[in-house]
Structures are given as structure tokens and as C-alpha cells.
Amino acid sequence: MIPLLHDVLPGMSARPVLDLGCGDGRIMTTMDGPVLGCDLSPTLLAHATDVAPVVRCLLPNLQWLRSGKLGGAYAVLVLEHLPDLNQLFAELARVVDDRGFVAVVANHPAYTPPGAGPIVDAADGEVLWRWADYFTPAAGEEPAGEGSMTFHHRPLGSIIEAASTSGWLLDTLVERPLTIDPDNTLLAGQDRIPRLIGLRWLKSQRPVAE
Ligand SMILES: C[S@@+](CC[C@H](N)C(=O)[O-])C[C@H]1O[C@@H](n2cnc3c(N)ncnc32)[C@H](O)[C@@H]1O
């Protein structure tokens, strides 16, 4: 995930960049410039605060940030948890400055419909994938730690539409497979299909620093 994020991030600006759903802050440790974290989990934020300033928040609400304050924002494995992407991109259009960006790394939407998931063939251990309805937006609960978390599935087009509705211009879209051990014949071929996507939007067509 982190290499893919850095492939879609532009050069860091002098203005702070917001890590949306920063968790324990591990991704902020890989940033070159000023960064600010936000997350809803006080337990994770207690770790992240060792890395950068952090704010407890409930995304997509960014009312706690002044307009035009940020050089950009990024989210890694977080979009799937947010109920309203239209509000998120509208809020980001307000708080990111005019030369700013939004970068996202997410599970490829082909994998996120509720009911999709791995199946292991008991006979030989081969890992197969159970597909589900890609085209219909839906939400489902998945086990997480001792509880569960809500995952929102959206076809790729509806993610892009949510961003463009607030004026974000799609600049980069990268699809990546998982890294598979070439000796693992039970997973053969899975390095030839996308598992993650990385996206970058710009607020204007003026080039950002690379
Ligand atoms: C899969 S973790 C990813 C954490 C981090 N981005 C990383 O890659 O290490 C998802 C994170 O999103 C946070 N999160 C989920 N829903 C949220 C919301 N509505 N507002 C703020 N944070 C949220 C969770 O607390 C968790 O830290």
C-alpha cells in the first residue's frame, strides 16, 4: 500500500497534508513534509501522536479545518469505511488550497461487494475468490479485531463521480496486483489481476510539484 501511495502522491508542499484515517500513524512516518493526522479511534491516535499532530474526528466531517488550509490530503484503506463520499470530496474541495491534491489507495472495487471473499479449497489449499455484485453500491459488516466494521462498496465510477461533482480532476489511476511468491503455484495468475487502486485528483489543471 505505501509504495502505491507514494506513486500517486505529488511532491509534498510547504502546507500541511492531511492523512485521512491515519490509524496508528505508520504512513505519516513515510512523509517528507508537514503532515496532520485524523482518525476516530483514540487508541490508534495515542500512537499516531508520536509521529505528527493529530485530531480525533468523524469523517467525512472536516468542519474543524479552516478553508484552504491544506496542501492536500490522502487516505489509505479508509474510503471503504466512509458512508458519504460526496460530502468527503466537497469538504476536501473547501479545505485544500487551489494547487492541492487528493490521493487515495483503496482495495480495488471489484473485491469489495459484500459477500465477496476468499475461499480455500479444502482438498488442496488452493485459494479461490467468491465474486459478488460489483455494479450495486452496498454496505456490509466485516469482522475487525473484537468487533466489526462497516465496509461500503462502490463501483469505481461512483467514486470518480463523487470527486468530480466537487470539481476534482482525476489526474492518475493506477491498478496493482498483490505481490505473489512466484513459487506459490496455488496463487498462480493472481499477480495478473488488480487488487489495489491508487488515484490522484487535482483541484486545478495547473501542474503540481513532482
Ligand atoms: C484499515 S485502517 C487504515 C489506517 C491507515 N490509513 C493505514 O493504512 O495504516 C482504517 C482506519 O480508518 C479509521 N476510520 C474508519 N472510519 C472512520 C471515520 N468515519 N472517521 C475517521 N476515521 C475513520 C479507522 O479508525 C482506522 O484507523
# chains A, B, ... in the order shown; residues from 1 in each chain; ligands from 1

$ closest_atom_pairs --of "chain A" --to "ligand 1" --cutoff "8 Å" --atoms "only C-alpha atoms and all ligand atoms" --output "CSV"
residue,atom,partner,partner_atom_place_in_ligand_line,distance
A:Met1,CA,ligand 1,8 (O),7.5
A:Ile2,CA,ligand 1,8 (O),7.9
A:Asp19,CA,ligand 1,6 (N),7.3
A:Leu20,CA,ligand 1,22 (N),6.9
A:Gly21,CA,ligand 1,12 (O),4.1
A:Cys22,CA,ligand 1,6 (N),4.4
A:Gly23,CA,ligand 1,27 (O),3.4
A:Asp24,CA,ligand 1,9 (O),6.5
A:Gly25,CA,ligand 1,9 (O),6.6
A:Arg26,CA,ligand 1,9 (O),5.7
A:Ile27,CA,ligand 1,9 (O),5.9
A:Cys38,CA,ligand 1,21 (C),6.5
A:Asp39,CA,ligand 1,22 (N),3.8
A:Leu40,CA,ligand 1,21 (C),4.1
A:Ser41,CA,ligand 1,25 (O),4.7
A:Leu44,CA,ligand 1,27 (O),6.5
A:Arg56,CA,ligand 1,21 (C),7.5
A:Cys57,CA,ligand 1,21 (C),5.5
A:Leu58,CA,ligand 1,20 (N),3.8
A:Leu59,CA,ligand 1,20 (N),3.7
A:Pro60,CA,ligand 1,19 (N),6.3
A:Asn61,CA,ligand 1,20 (N),8.0
A:Ala75,CA,ligand 1,6 (N),6.0
A:Val76,CA,ligand 1,6 (N),4.3
A:Leu77,CA,ligand 1,1 (C),5.0
A:Val78,CA,ligand 1,12 (O),4.8
A:His81,CA,ligand 1,16 (N),4.9
A:Leu82,CA,ligand 1,19 (N),5.4
A:Pro83,CA,ligand 1,19 (N),7.6

$ residues_around --residues "region 144-152 of chain A" --least-positions-apart "5" --cutoff "9 Å" --atoms "only C-alpha atoms" --output "PyMOL selection string"
chain A and resi 79-83+112-114+137-139

$ select_by_dssp --residues "chain A" --states "strand (DSSP E or B)" --output "VMD selection string"
chain A and resid 17 to 20 35 to 39 54 to 56 70 to 76 96 to 107 117 to 120 127 to 130 138 to 144 147 to 153 169 to 176 196 to 202

$ residues_around --residues "Leu92 (chain A)" --least-positions-apart "3" --cutoff "10 Å" --atoms "only C-alpha atoms" --output "JSON, numbers by chain"
{"A": [18, 60, 61, 62, 65, 67, 68, 70, 72, 73, 86, 87, 88, 89, 95, 96, 97, 100, 101, 102, 163, 166, 168, 203]}

$ write_last_selection --atoms "N, CA and C atoms" --output "short mmCIF file (atom, residue, chain, number, x, y, z; two decimals), in the first residue's frame"
data_model
loop_
_atom_site.label_atom_id
_atom_site.label_comp_id
_atom_site.auth_asym_id
_atom_site.auth_seq_id
_atom_site.Cartn_x
_atom_site.Cartn_y
_atom_site.Cartn_z
N LEU A 18 -3.11 16.34 4.95
CA LEU A 18 -3.93 15.63 5.93
C LEU A 18 -3.97 14.14 5.61
N PRO A 60 -16.98 11.88 7.15
CA PRO A 60 -16.34 12.89 6.30
C PRO A 60 -16.39 14.32 6.82
N ASN A 61 -16.75 14.51 8.07
CA ASN A 61 -16.84 15.88 8.59
C ASN A 61 -15.45 16.48 8.78
N LEU A 62 -15.21 17.60 8.10
CA LEU A 62 -13.94 18.32 8.27
C LEU A 62 -14.18 19.76 8.71
N LEU A 65 -11.58 22.16 10.25
CA LEU A 65 -10.46 22.73 9.50
C LEU A 65 -10.90 24.01 8.78
N SER A 67 -10.90 26.84 5.78
CA SER A 67 -10.88 26.73 4.32
C SER A 67 -9.48 27.01 3.77
N GLY A 68 -9.05 26.23 2.77
CA GLY A 68 -7.78 26.46 2.08
C GLY A 68 -6.55 26.22 2.91
N LEU A 70 -4.99 23.34 3.70
CA LEU A 70 -4.13 22.18 3.41
C LEU A 70 -3.52 22.25 2.01
N GLY A 72 -2.90 19.37 0.61
CA GLY A 72 -3.50 18.18 0.02
C GLY A 72 -3.95 17.23 1.11
N ALA A 73 -4.48 16.09 0.68
CA ALA A 73 -4.95 15.08 1.64
C ALA A 73 -4.80 13.72 0.98
N ASN A 86 -19.63 11.93 -1.31
CA ASN A 86 -19.94 13.27 -1.84
C ASN A 86 -19.57 14.33 -0.81
N GLN A 87 -19.93 14.08 0.44
CA GLN A 87 -19.59 15.05 1.49
C GLN A 87 -18.08 15.12 1.68
N LEU A 88 -17.40 13.96 1.62
CA LEU A 88 -15.94 13.97 1.81
C LEU A 88 -15.27 14.84 0.75
N PHE A 89 -15.58 14.61 -0.53
CA PHE A 89 -14.89 15.37 -1.58
C PHE A 89 -15.30 16.85 -1.55
N VAL A 95 -11.21 22.59 2.05
CA VAL A 95 -10.06 22.76 2.95
C VAL A 95 -8.70 22.68 2.24
N VAL A 96 -8.69 22.13 1.01
CA VAL A 96 -7.42 22.02 0.25
C VAL A 96 -7.25 23.28 -0.59
N ASP A 97 -6.01 23.79 -0.66
CA ASP A 97 -5.80 25.04 -1.41
C ASP A 97 -5.87 24.79 -2.92
N GLY A 100 -3.85 22.18 -4.75
CA GLY A 100 -3.75 20.97 -3.93
C GLY A 100 -4.22 19.70 -4.62
N PHE A 101 -4.14 18.61 -3.89
CA PHE A 101 -4.45 17.27 -4.42
C PHE A 101 -5.20 16.44 -3.38
N VAL A 102 -5.82 15.37 -3.88
CA VAL A 102 -6.31 14.29 -3.02
C VAL A 102 -5.75 12.99 -3.59
N ALA A 163 -16.06 12.54 -6.67
CA ALA A 163 -14.99 13.54 -6.68
C ALA A 163 -15.25 14.62 -7.72
N SER A 166 -17.53 17.61 -6.99
CA SER A 166 -16.97 18.75 -6.24
C SER A 166 -15.82 19.41 -6.97
N TRP A 168 -13.12 17.99 -8.49
CA TRP A 168 -11.81 17.34 -8.50
C TRP A 168 -11.55 16.71 -9.87
N LYS A 203 -6.98 19.82 -7.89
CA LYS A 203 -8.06 20.79 -7.76
C LYS A 203 -8.12 21.69 -9.00
#

$ closest_residue --among "A:Asp191, A:Leu128, A:Leu169, A:Asn107" --to "His153 (chain A)" --atoms "only C-alpha atoms"
A:Asn107

$ closest_residue --among "A:Leu187, A:Leu5, A:Val51, A:Leu196" --to "Asp121 (chain A)" --atoms "only C-alpha atoms"
A:Leu187

$ closest_residue --among "A:Gly167, A:Gly71, A:Gly11, A:Pro118" --to "Val35 (chain A)" --atoms "only C-alpha atoms"
A:Gly71

$ atom_distance --atom1 "CA of Gly198 (chain A)" --atom2 "CA of Val105 (chain A)"
4.5 Å

$ select_by_dssp --residues "region 10-104 of chain A" --states "helix (DSSP H, G or I)" --output "PyMOL selection string"
chain A and resi 28-30+42-48+79-81+85-95

$ write_last_selection --atoms "C-alpha atoms" --output "CSV table (one decimal), in the first residue's frame"
chain,number,residue,atom,x,y,z
A,28,MET,CA,2.8,9.6,8.3
A,29,THR,CA,6.3,8.3,9.2
A,30,THR,CA,7.0,8.0,5.5
A,42,PRO,CA,-8.5,7.3,20.4
A,43,THR,CA,-6.5,4.1,20.8
A,44,LEU,CA,-4.8,4.4,17.4
A,45,LEU,CA,-4.4,8.2,17.8
A,46,ALA,CA,-2.5,7.7,21.0
A,47,HIS,CA,0.3,6.1,18.9
A,48,ALA,CA,-0.1,8.4,15.9
A,79,LEU,CA,-12.7,5.3,1.8
A,80,GLU,CA,-14.4,1.9,2.2
A,81,HIS,CA,-15.4,2.9,5.7
A,85,LEU,CA,-18.1,10.3,-0.4
A,86,ASN,CA,-19.9,13.3,-1.8
A,87,GLN,CA,-19.6,15.0,1.5
A,88,LEU,CA,-15.9,14.0,1.8
A,89,PHE,CA,-14.9,15.4,-1.6
A,90,ALA,CA,-16.9,18.5,-1.0
A,91,GLU,CA,-15.2,19.1,2.3
A,92,LEU,CA,-11.8,18.4,0.8
A,93,ALA,CA,-12.5,20.9,-2.0
A,94,ARG,CA,-13.1,23.5,0.7
A,95,VAL,CA,-10.1,22.8,3.0

$ atom_distance --atom1 "CA of Trp201 (chain A)" --atom2 "CA of Gln63 (chain A)"
21.1 Å

$ atom_distance --atom1 "CA of Pro143 (chain A)" --atom2 "CA of Ala103 (chain A)"
26.6 Å

$ closest_residue --among "A:Asp171, A:Pro3, A:Pro53, A:Arg99" --to "Arg15 (chain A)" --atoms "only C-alpha atoms"
A:Arg99
